[in-house]
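K.L.:
The structure file query-v9.tsv (TSV, C-alpha atoms (C1' of nucleotides)) is provided below.
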```
chain	number	residue	atom	x	y	z
A	295	MET	CA	-2.84	-3.68	-7.81
A	296	LEU	CA	-2.63	-7.42	-7.62
A	297	SER	CA	0.07	-8.46	-5.17
A	298	LYS	CA	3.00	-10.55	-6.35
A	299	LYS	CA	1.94	-13.12	-3.81
A	300	THR	CA	-1.38	-13.62	-5.56
A	301	LYS	CA	0.17	-13.46	-8.99
A	302	TYR	CA	2.78	-16.07	-8.16
A	303	GLY	CA	0.28	-18.23	-6.33
A	304	LEU	CA	-2.01	-18.25	-9.33
A	305	LYS	CA	0.86	-19.07	-11.66
A	306	ALA	CA	1.97	-21.93	-9.45
A	307	LEU	CA	-1.53	-23.38	-9.30
A	308	THR	CA	-1.88	-23.03	-13.05
A	309	TYR	CA	1.44	-24.73	-13.62
A	310	LEU	CA	0.51	-27.65	-11.40
A	311	ALA	CA	-2.83	-27.99	-13.13
A	312	SER	CA	-1.36	-27.81	-16.61
A	313	ILE	CA	1.42	-30.38	-16.31
A	314	GLU	CA	-0.87	-32.96	-14.73
A	315	SER	CA	2.03	-34.69	-13.05
A	316	THR	CA	1.41	-38.01	-11.31
A	317	VAL	CA	4.19	-37.31	-8.81
A	318	PRO	CA	4.73	-34.29	-6.51
A	319	VAL	CA	6.36	-31.26	-8.13
A	320	GLN	CA	9.22	-29.53	-6.35
A	321	ILE	CA	9.25	-25.86	-5.44
A	322	ALA	CA	12.47	-25.38	-7.38
A	323	GLU	CA	10.88	-26.62	-10.60
A	324	ILE	CA	7.87	-24.32	-10.28
A	325	ALA	CA	10.03	-21.35	-9.31
A	326	LYS	CA	12.34	-21.86	-12.26
A	327	HIS	CA	9.59	-22.38	-14.78
A	328	GLU	CA	7.63	-19.32	-13.65
A	329	ASN	CA	10.58	-17.02	-12.89
A	330	ILE	CA	9.78	-16.69	-9.20
A	331	SER	CA	12.12	-16.33	-6.22
A	332	GLN	CA	12.20	-19.81	-4.72
A	333	LYS	CA	12.08	-18.73	-1.09
A	334	PHE	CA	9.17	-16.39	-1.72
A	335	LEU	CA	7.29	-19.07	-3.60
A	336	GLU	CA	7.95	-21.45	-0.73
A	337	SER	CA	5.95	-19.30	1.66
A	338	ILE	CA	3.14	-18.90	-0.85
A	339	LEU	CA	2.82	-22.63	-1.46
A	340	LEU	CA	2.75	-23.09	2.29
A	341	THR	CA	-0.31	-20.93	2.66
A	342	LEU	CA	-1.94	-22.65	-0.30
A	343	ARG	CA	-1.36	-25.97	1.40
A	344	ARG	CA	-2.66	-24.72	4.75
A	345	ASN	CA	-5.80	-23.51	3.02
A	346	GLY	CA	-6.61	-26.79	1.39
A	347	PHE	CA	-5.51	-26.24	-2.18
A	348	LEU	CA	-2.30	-28.25	-2.15
A	349	GLY	CA	-0.90	-31.40	-0.60
A	350	SER	CA	2.79	-31.92	0.01
A	351	LYS	CA	5.38	-34.58	0.54
A	352	LYS	CA	8.77	-34.19	2.16
A	353	GLY	CA	12.14	-35.66	1.27
A	354	LYS	CA	13.43	-37.05	-2.00
A	355	GLY	CA	10.70	-37.28	-4.59
A	356	GLY	CA	8.70	-34.84	-2.53
A	357	GLY	CA	6.99	-31.63	-3.57
A	358	TYR	CA	3.52	-30.21	-4.01
A	359	TYR	CA	0.42	-31.42	-5.80
A	360	LEU	CA	-3.16	-30.28	-6.30
A	361	ILE	CA	-5.63	-31.82	-3.90
A	362	LYS	CA	-8.72	-31.02	-5.95
A	363	SER	CA	-9.54	-31.14	-9.62
A	364	PRO	CA	-8.82	-27.79	-11.34
A	365	ASP	CA	-12.49	-27.37	-12.27
A	366	GLU	CA	-13.39	-27.51	-8.60
A	367	ILE	CA	-11.09	-24.67	-7.64
A	368	GLN	CA	-13.04	-21.44	-7.82
A	369	MET	CA	-11.23	-18.15	-8.18
A	370	THR	CA	-13.29	-16.67	-5.34
A	371	THR	CA	-11.60	-18.92	-2.82
A	372	VAL	CA	-8.15	-18.54	-4.33
A	373	MET	CA	-8.41	-14.75	-4.33
A	374	ARG	CA	-9.70	-14.59	-0.77
A	375	VAL	CA	-6.83	-16.72	0.50
A	376	LEU	CA	-4.05	-14.99	-1.42
A	377	GLU	CA	-5.27	-11.43	-1.92
A	378	GLY	CA	-7.76	-11.04	0.92
A	379	PRO	CA	-11.29	-9.65	0.71
A	380	ILE	CA	-12.75	-9.26	-2.76
A	381	ALA	CA	-14.60	-6.11	-1.72
A	382	MET	CA	-12.63	-2.87	-1.89
A	383	VAL	CA	-14.13	-1.54	1.34
A	384	PRO	CA	-14.99	-3.58	4.44
A	385	CYS	CA	-18.54	-2.20	4.58
A	386	VAL	CA	-19.53	-4.13	1.43
A	387	SER	CA	-17.60	-7.29	2.19
A	388	LEU	CA	-19.51	-10.57	2.43
A	389	ASN	CA	-16.84	-12.50	4.30
A	390	PHE	CA	-14.96	-9.72	6.08
A	391	TYR	CA	-17.69	-7.20	6.85
A	392	GLU	CA	-16.84	-4.22	9.06
A	393	LYS	CA	-18.65	-0.97	9.58
A	394	CYS	CA	-16.81	2.17	8.52
A	395	GLU	CA	-16.12	4.26	11.60
A	396	ASP	CA	-16.26	7.53	9.70
A	397	CYS	CA	-19.53	6.80	7.92
A	398	PRO	CA	-22.69	7.55	9.93
A	399	ASN	CA	-25.16	6.22	7.37
A	400	GLU	CA	-24.11	3.28	5.25
A	401	GLY	CA	-27.26	3.31	3.16
A	402	GLN	CA	-26.66	6.85	1.99
A	403	CYS	CA	-22.91	6.55	1.40
A	404	SER	CA	-21.85	7.03	-2.19
A	405	VAL	CA	-18.70	4.98	-1.71
A	406	ASN	CA	-20.74	2.12	-0.33
A	407	LYS	CA	-23.14	2.36	-3.24
A	408	LEU	CA	-20.45	2.26	-5.90
A	409	MET	CA	-18.29	-0.37	-4.24
A	410	LEU	CA	-21.27	-2.68	-3.83
A	411	LYS	CA	-21.64	-2.77	-7.59
A	412	VAL	CA	-17.93	-3.28	-8.06
A	413	ARG	CA	-17.97	-6.15	-5.59
A	414	ASP	CA	-20.84	-7.86	-7.37
A	415	ALA	CA	-19.16	-7.49	-10.74
A	416	ASN	CA	-15.93	-8.98	-9.43
A	417	LEU	CA	-17.68	-11.78	-7.60
A	418	GLU	CA	-19.42	-12.83	-10.78
A	419	VAL	CA	-16.11	-13.09	-12.61
A	420	TYR	CA	-14.41	-15.03	-9.83
A	421	ARG	CA	-17.37	-17.36	-9.35
A	422	ASN	CA	-17.58	-18.17	-13.02
A	423	ASN	CA	-13.92	-19.00	-13.37
A	424	THR	CA	-12.16	-22.06	-12.06
A	425	LEU	CA	-8.51	-22.99	-12.33
A	426	ALA	CA	-9.45	-25.19	-15.28
A	427	ASP	CA	-10.79	-22.17	-17.17
A	428	LEU	CA	-7.44	-20.42	-16.97
A	429	ILE	CA	-5.49	-23.14	-18.71
A	430	SER	CA	-7.05	-23.92	-22.07
B	141	MET	CA	-8.40	-2.09	-0.81
B	142	LEU	CA	-9.69	1.30	-1.79
B	143	SER	CA	-7.31	4.00	-0.57
B	144	LYS	CA	-8.54	6.65	1.85
B	145	LYS	CA	-7.57	9.20	-0.76
B	146	THR	CA	-10.07	7.79	-3.23
B	147	LYS	CA	-12.69	7.28	-0.57
B	148	TYR	CA	-12.42	10.84	0.69
B	149	GLY	CA	-12.21	12.24	-2.82
B	150	LEU	CA	-15.42	10.46	-3.79
B	151	LYS	CA	-17.16	11.65	-0.65
B	152	ALA	CA	-16.09	15.23	-1.28
B	153	LEU	CA	-17.33	15.12	-4.87
B	154	THR	CA	-20.59	13.59	-3.73
B	155	TYR	CA	-21.04	16.24	-1.08
B	156	LEU	CA	-20.44	19.05	-3.54
B	157	ALA	CA	-22.87	17.50	-5.99
B	158	SER	CA	-25.57	16.93	-3.39
B	159	ILE	CA	-25.69	20.36	-1.78
B	160	GLU	CA	-25.83	22.16	-5.12
B	161	SER	CA	-24.37	25.31	-3.65
B	162	THR	CA	-24.29	28.44	-5.77
B	163	VAL	CA	-21.15	29.66	-3.99
B	164	PRO	CA	-17.79	27.93	-3.46
B	165	VAL	CA	-17.66	25.47	-0.55
B	166	GLN	CA	-14.75	25.63	1.86
B	167	ILE	CA	-12.48	22.70	2.61
B	168	ALA	CA	-13.29	23.02	6.30
B	169	GLU	CA	-16.98	22.52	5.68
B	170	ILE	CA	-16.47	19.42	3.56
B	171	ALA	CA	-13.94	18.00	5.99
B	172	LYS	CA	-16.22	18.50	8.94
B	173	HIS	CA	-19.30	17.11	7.24
B	174	GLU	CA	-17.51	14.01	5.98
B	175	ASN	CA	-15.24	13.41	8.99
B	176	ILE	CA	-12.03	13.86	7.08
B	177	SER	CA	-8.72	15.35	8.18
B	178	GLN	CA	-8.76	18.84	6.72
B	179	LYS	CA	-5.12	18.90	5.65
B	180	PHE	CA	-5.39	15.54	3.96
B	181	LEU	CA	-8.57	16.56	2.18
B	182	GLU	CA	-6.82	19.74	1.06
B	183	SER	CA	-4.28	17.77	-0.94
B	184	ILE	CA	-6.98	15.56	-2.42
B	185	LEU	CA	-9.08	18.50	-3.59
B	186	LEU	CA	-5.96	19.96	-5.10
B	187	THR	CA	-5.44	16.95	-7.34
B	188	LEU	CA	-9.13	16.95	-8.22
B	189	ARG	CA	-8.81	20.56	-9.28
B	190	ARG	CA	-5.64	19.91	-11.24
B	191	ASN	CA	-7.39	17.11	-13.07
B	192	GLY	CA	-10.32	19.17	-14.16
B	193	PHE	CA	-13.04	18.10	-11.75
B	194	LEU	CA	-13.08	21.14	-9.50
B	195	GLY	CA	-12.67	24.88	-9.72
B	196	SER	CA	-11.50	26.98	-6.81
B	197	LYS	CA	-11.51	30.49	-5.45
B	198	LYS	CA	-9.13	31.96	-2.88
B	199	GLY	CA	-9.76	34.29	0.04
B	200	LYS	CA	-12.94	35.03	1.95
B	201	GLY	CA	-15.96	33.46	0.33
B	202	GLY	CA	-13.59	31.14	-1.49
B	203	GLY	CA	-13.61	27.37	-1.72
B	204	TYR	CA	-14.22	24.62	-4.24
B	205	TYR	CA	-16.99	23.92	-6.70
B	206	LEU	CA	-17.77	21.35	-9.38
B	207	ILE	CA	-16.81	22.39	-12.88
B	208	LYS	CA	-19.02	19.86	-14.67
B	209	SER	CA	-22.50	18.57	-14.12
B	210	PRO	CA	-22.54	15.45	-11.90
B	211	ASP	CA	-24.02	13.34	-14.69
B	212	GLU	CA	-21.02	14.18	-16.85
B	213	ILE	CA	-18.51	12.90	-14.31
B	214	GLN	CA	-17.82	9.25	-15.06
B	215	MET	CA	-16.43	7.02	-12.37
B	216	THR	CA	-13.78	5.73	-14.77
B	217	THR	CA	-12.06	9.10	-14.83
B	218	VAL	CA	-12.46	9.71	-11.10
B	219	MET	CA	-11.03	6.31	-10.23
B	220	ARG	CA	-8.08	6.69	-12.60
B	221	VAL	CA	-7.14	10.06	-11.13
B	222	LEU	CA	-7.53	9.11	-7.49
B	223	GLU	CA	-6.82	5.39	-7.34
B	224	GLY	CA	-4.72	4.87	-10.45
B	225	PRO	CA	-5.14	2.18	-13.10
B	226	ILE	CA	-8.40	0.25	-13.06
B	227	ALA	CA	-6.64	-2.93	-14.16
B	228	MET	CA	-5.05	-4.99	-11.40
B	229	VAL	CA	-2.00	-5.82	-13.50
B	230	PRO	CA	-0.23	-3.49	-15.97
B	231	CYS	CA	-0.36	-6.08	-18.76
B	232	VAL	CA	-4.15	-5.70	-19.08
B	233	SER	CA	-4.31	-1.96	-18.55
B	234	LEU	CA	-5.82	0.19	-21.28
B	235	ASN	CA	-4.34	3.49	-20.13
B	236	PHE	CA	-1.22	2.32	-18.30
B	237	TYR	CA	-0.14	-0.75	-20.26
B	238	GLU	CA	3.20	-2.34	-19.46
B	239	LYS	CA	4.56	-5.74	-20.32
B	240	CYS	CA	5.28	-8.04	-17.39
B	241	GLU	CA	9.00	-8.69	-17.26
B	242	ASP	CA	8.59	-12.16	-15.75
B	243	CYS	CA	6.00	-13.34	-18.25
B	244	PRO	CA	7.36	-14.65	-21.56
B	245	ASN	CA	3.99	-15.24	-23.21
B	246	GLU	CA	1.19	-12.87	-22.38
B	247	GLY	CA	-1.39	-14.74	-24.38
B	248	GLN	CA	-0.86	-17.94	-22.43
B	249	CYS	CA	-0.66	-16.36	-18.99
B	250	SER	CA	-3.42	-17.39	-16.62
B	251	VAL	CA	-3.11	-14.19	-14.59
B	252	ASN	CA	-3.49	-12.13	-17.73
B	253	LYS	CA	-6.51	-14.15	-18.76
B	254	LEU	CA	-8.31	-13.76	-15.44
B	255	MET	CA	-7.41	-10.12	-14.88
B	256	LEU	CA	-8.64	-9.21	-18.35
B	257	LYS	CA	-12.10	-10.37	-17.36
B	258	VAL	CA	-11.87	-8.56	-14.04
B	259	ARG	CA	-10.84	-5.36	-15.78
B	260	ASP	CA	-13.76	-5.55	-18.19
B	261	ALA	CA	-16.22	-6.17	-15.39
B	262	ASN	CA	-14.92	-3.20	-13.43
B	263	LEU	CA	-14.81	-0.93	-16.45
B	264	GLU	CA	-18.44	-1.64	-17.17
B	265	VAL	CA	-19.43	-0.61	-13.66
B	266	TYR	CA	-17.35	2.55	-13.70
B	267	ARG	CA	-18.51	3.53	-17.16
B	268	ASN	CA	-22.16	3.08	-16.29
B	269	ASN	CA	-21.97	5.17	-13.14
B	270	THR	CA	-21.63	8.93	-12.94
B	271	LEU	CA	-21.43	11.11	-9.87
B	272	ALA	CA	-25.15	11.78	-10.28
B	273	ASP	CA	-25.91	8.07	-9.92
B	274	LEU	CA	-24.26	7.95	-6.52
B	275	ILE	CA	-26.46	10.59	-4.95
B	276	SER	CA	-30.11	9.67	-5.38
C	292	DG	C1'	23.64	-41.88	8.73
C	293	DA	C1'	23.59	-38.85	4.71
C	294	DT	C1'	20.81	-36.50	1.60
C	295	DT	C1'	16.80	-34.25	-0.02
C	296	DA	C1'	12.95	-31.55	0.28
C	297	DT	C1'	9.31	-29.26	2.84
C	298	DC	C1'	8.19	-26.68	7.27
C	299	DC	C1'	8.34	-22.69	10.15
C	300	DT	C1'	9.53	-18.32	12.50
C	301	DA	C1'	11.56	-14.19	12.44
C	302	DC	C1'	13.55	-10.52	10.32
C	303	DT	C1'	14.74	-6.74	6.94
C	304	DA	C1'	14.53	-3.54	3.06
C	305	DA	C1'	11.71	-1.03	0.14
C	306	DA	C1'	7.62	0.93	-1.21
C	307	DT	C1'	3.25	2.98	-0.36
C	308	DC	C1'	-0.19	5.23	2.30
C	309	DT	C1'	-1.82	8.66	5.45
C	310	DA	C1'	-1.33	12.19	6.95
C	311	DT	C1'	1.16	16.87	9.05
C	312	DA	C1'	4.00	21.19	8.94
C	313	DG	C1'	4.75	25.55	7.52
C	314	DG	C1'	4.64	29.03	4.89
C	315	DA	C1'	3.47	31.50	-0.06
C	316	DA	C1'	-0.04	33.50	-2.88
C	317	DA	C1'	-4.29	35.62	-3.82
C	318	DA	C1'	-8.76	37.54	-2.74
C	319	DT	C1'	-11.62	40.20	0.30
C	320	DA	C1'	-12.69	43.42	4.12
C	321	DA	C1'	-11.62	47.06	7.41
D	22	DT	C1'	-2.78	50.06	3.39
D	23	DT	C1'	-3.17	46.42	6.51
D	24	DA	C1'	-5.39	42.49	8.37
D	25	DT	C1'	-7.90	38.43	7.53
D	26	DT	C1'	-9.27	34.54	5.11
D	27	DT	C1'	-8.73	30.80	2.21
D	28	DT	C1'	-6.45	28.13	-1.22
D	29	DC	C1'	-1.75	26.74	-3.05
D	30	DC	C1'	2.45	24.12	-2.75
D	31	DT	C1'	6.51	21.45	-1.22
D	32	DA	C1'	8.62	18.72	1.89
D	33	DT	C1'	8.67	15.47	5.35
D	34	DA	C1'	7.46	11.98	8.84
D	35	DG	C1'	5.18	8.02	10.81
D	36	DA	C1'	2.67	3.83	10.02
D	37	DT	C1'	1.58	0.03	7.35
D	38	DT	C1'	2.11	-3.27	3.77
D	39	DT	C1'	4.74	-5.76	0.49
D	40	DA	C1'	8.42	-8.55	-1.12
D	41	DG	C1'	11.89	-11.12	-0.13
D	42	DT	C1'	15.78	-13.38	2.90
D	43	DA	C1'	17.98	-16.11	6.64
D	44	DG	C1'	18.56	-20.00	9.04
D	45	DG	C1'	17.53	-23.81	10.95
D	46	DA	C1'	13.81	-27.80	12.25
D	47	DT	C1'	11.37	-31.71	10.58
D	48	DA	C1'	10.39	-35.64	7.92
D	49	DA	C1'	11.06	-38.87	4.11
D	50	DT	C1'	14.11	-41.47	1.27
D	51	DC	C1'	18.47	-43.69	-0.12
```
Would you put the structure from the file into structure tokens?
P.N.:
Amino acid sequence: MLSKKTKYGLKALTYLASIESTVPVQIAEIAKHENISQKFLESILLTLRRNGFLGSKKGKGGGYYLIKSPDEIQMTTVMRVLEGPIAMVPCVSLNFYEKCEDCPNEGQCSVNKLMLKVRDANLEVYRNNTLADLIS
Amino acid sequence: MLSKKTKYGLKALTYLASIESTVPVQIAEIAKHENISQKFLESILLTLRRNGFLGSKKGKGGGYYLIKSPDEIQMTTVMRVLEGPIAMVPCVSLNFYEKCEDCPNEGQCSVNKLMLKVRDANLEVYRNNTLADLIS
DNA sequence: GATTATCCTACTAAATCTATAGGAAAATAA
DNA sequence: TTATTTTCCTATAGATTTAGTAGGATAATC
């Protein structure tokens, strides 16, 4: 299951990309438009800012804005930041690799074999989709 | 993340398929060979039996055995039984569809759009892999 | 100085996952 | 018949994760 965090984060990014505002957009506006708890969204936007997707401005007229062009924001990076590893098991993860403690032989493990294919299939989707692709 | 339940279930199925035993295989043997808690595995094998993957026999000489040939066991069905829906959001699920309560327009939802592609990619992998494919 | 909006940490409630406990039921063997 | 073996089944408990809340600090503007 996709976490609400990821879901809301994606919706917020999409909203920002779609309205193409020239001024920062406030959390309250995004939360209202997308039916998201404002406080929860606040923490999500914070991590998106800390990970280089958003910029922010405080005080009156403040809010959040996209730092990059939507077609430069790949879903691979968004998913990794919000949802975590794309691989379903650590032993097939590119960015978060870990050996399974219960598995003596990775090369002969059926789970490894299947999840490697799943990972590749997912990676291809995420790599071939940018934020811009989700709007039109 | 793949749940341990699914991981262990897959390993158990793979083990049964690979040893090609003519007699039922006991939980204890599978658990030992695959480094799985026996009691936990017990409950997993139970759901695999209830869902038509395994047969069982009680008492001495009892145990579990595959009901179908490994090449007839598709990963789609195994994953659905052990892990649940293949789709990451209910609004793109084939077998467990549900409308998102927070989403007024499914057709214009970016999450829906992305997760539809992810679902299709995953389905293709699961459909093109049987238990037999995971052994060789 | 007042107001507005983000920033930040910590906490809590609920749900889910990962088992474990303990016996009932059925098959076999002595 | 009785003992042994193995699955069957329900309930429960501990750990982890998720989803959301509380409450104030910080910074920018008016």
K.L.:
Just the residues within 10 Å of stretch 168-181 of chain B, please, counting all atoms listed in the file, with nothing from its chain fewer than 2 positions along; format it as a ChimeraX atom specification.
P.N.:
/A:395-398 /B:144-145,148-149,151-153,155-156,165-166,183-186,203-204 /C:309-312 /D:27
K.L.:
Residues of chain B that approach chain C to 7 Å or less, counting only C-alpha atoms (C1' of nucleotides): could you list each one with the shortest pair of atoms and its distance in Å to one decimal, rows by chain and increasing residue number, as CSV?
P.N.:
```
residue,atom,partner,partner_atom,distance
B:Phe180,CA,C:DA310,C1',6.1
B:Lys198,CA,C:DA318,C1',5.6
B:Gly199,CA,C:DA318,C1',4.4
B:Lys200,CA,C:DT319,C1',5.6
```
K.L.:
Using atom CA of A:Asn416 and atom CA of A:Ile380 as the two end points, give the distance in Å to one decimal.
P.N.:
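Between atom CA of A:Asn416 and atom CA of A:Ile380 the gap is 7.4 Å.
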K.L.:
Provide as an MDAnalysis selection string the residues of chain D at most 9 Å from chain B, counting only C-alpha atoms (C1' of nucleotides).
P.N.:
chainID D and resid 25:29
K.L.:
Please determine the contact residues of chain A with respect to chain B at a cut-off of 8 Å, counting all atoms listed in the file, and supply them as a PyMOL selection string.
P.N.:
chain A and resi 295-296+301+304-305+308+328-329+381-383+396-397+402-405+407-408+411-412+415-416+419+423+428-429
K.L.:
What gap, in Å, lies between atom CA of A:Glu314 and atom CA of A:Leu360?
P.N.:
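That distance, rounded to one decimal, is 9.1 Å.
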K.L.:
Quote the spacing between atom CA of A:Tyr359 and atom C1' of D:DG44 in Å to one decimal place.
P.N.:
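So the two atoms, atom CA of A:Tyr359 and atom C1' of D:DG44, lie 26.1 Å apart.
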K.L.:
Measuring atom to atom with all atoms listed in the file, identify which of A:Gly401, A:Arg421, A:Glu392, A:Gly349 is nearest to A:Thr370.
P.N.:
A:Arg421
K.L.:
Please determine, counting all atoms listed in the file, which residue among B:Ile207, B:Leu188, B:Val232, B:Met219 has the shortest atom-to-atom distance to B:Pro164.
P.N.:
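Going through B:Ile207, B:Leu188, B:Val232, B:Met219 one by one, the smallest distance to B:Pro164 is for B:Ile207.
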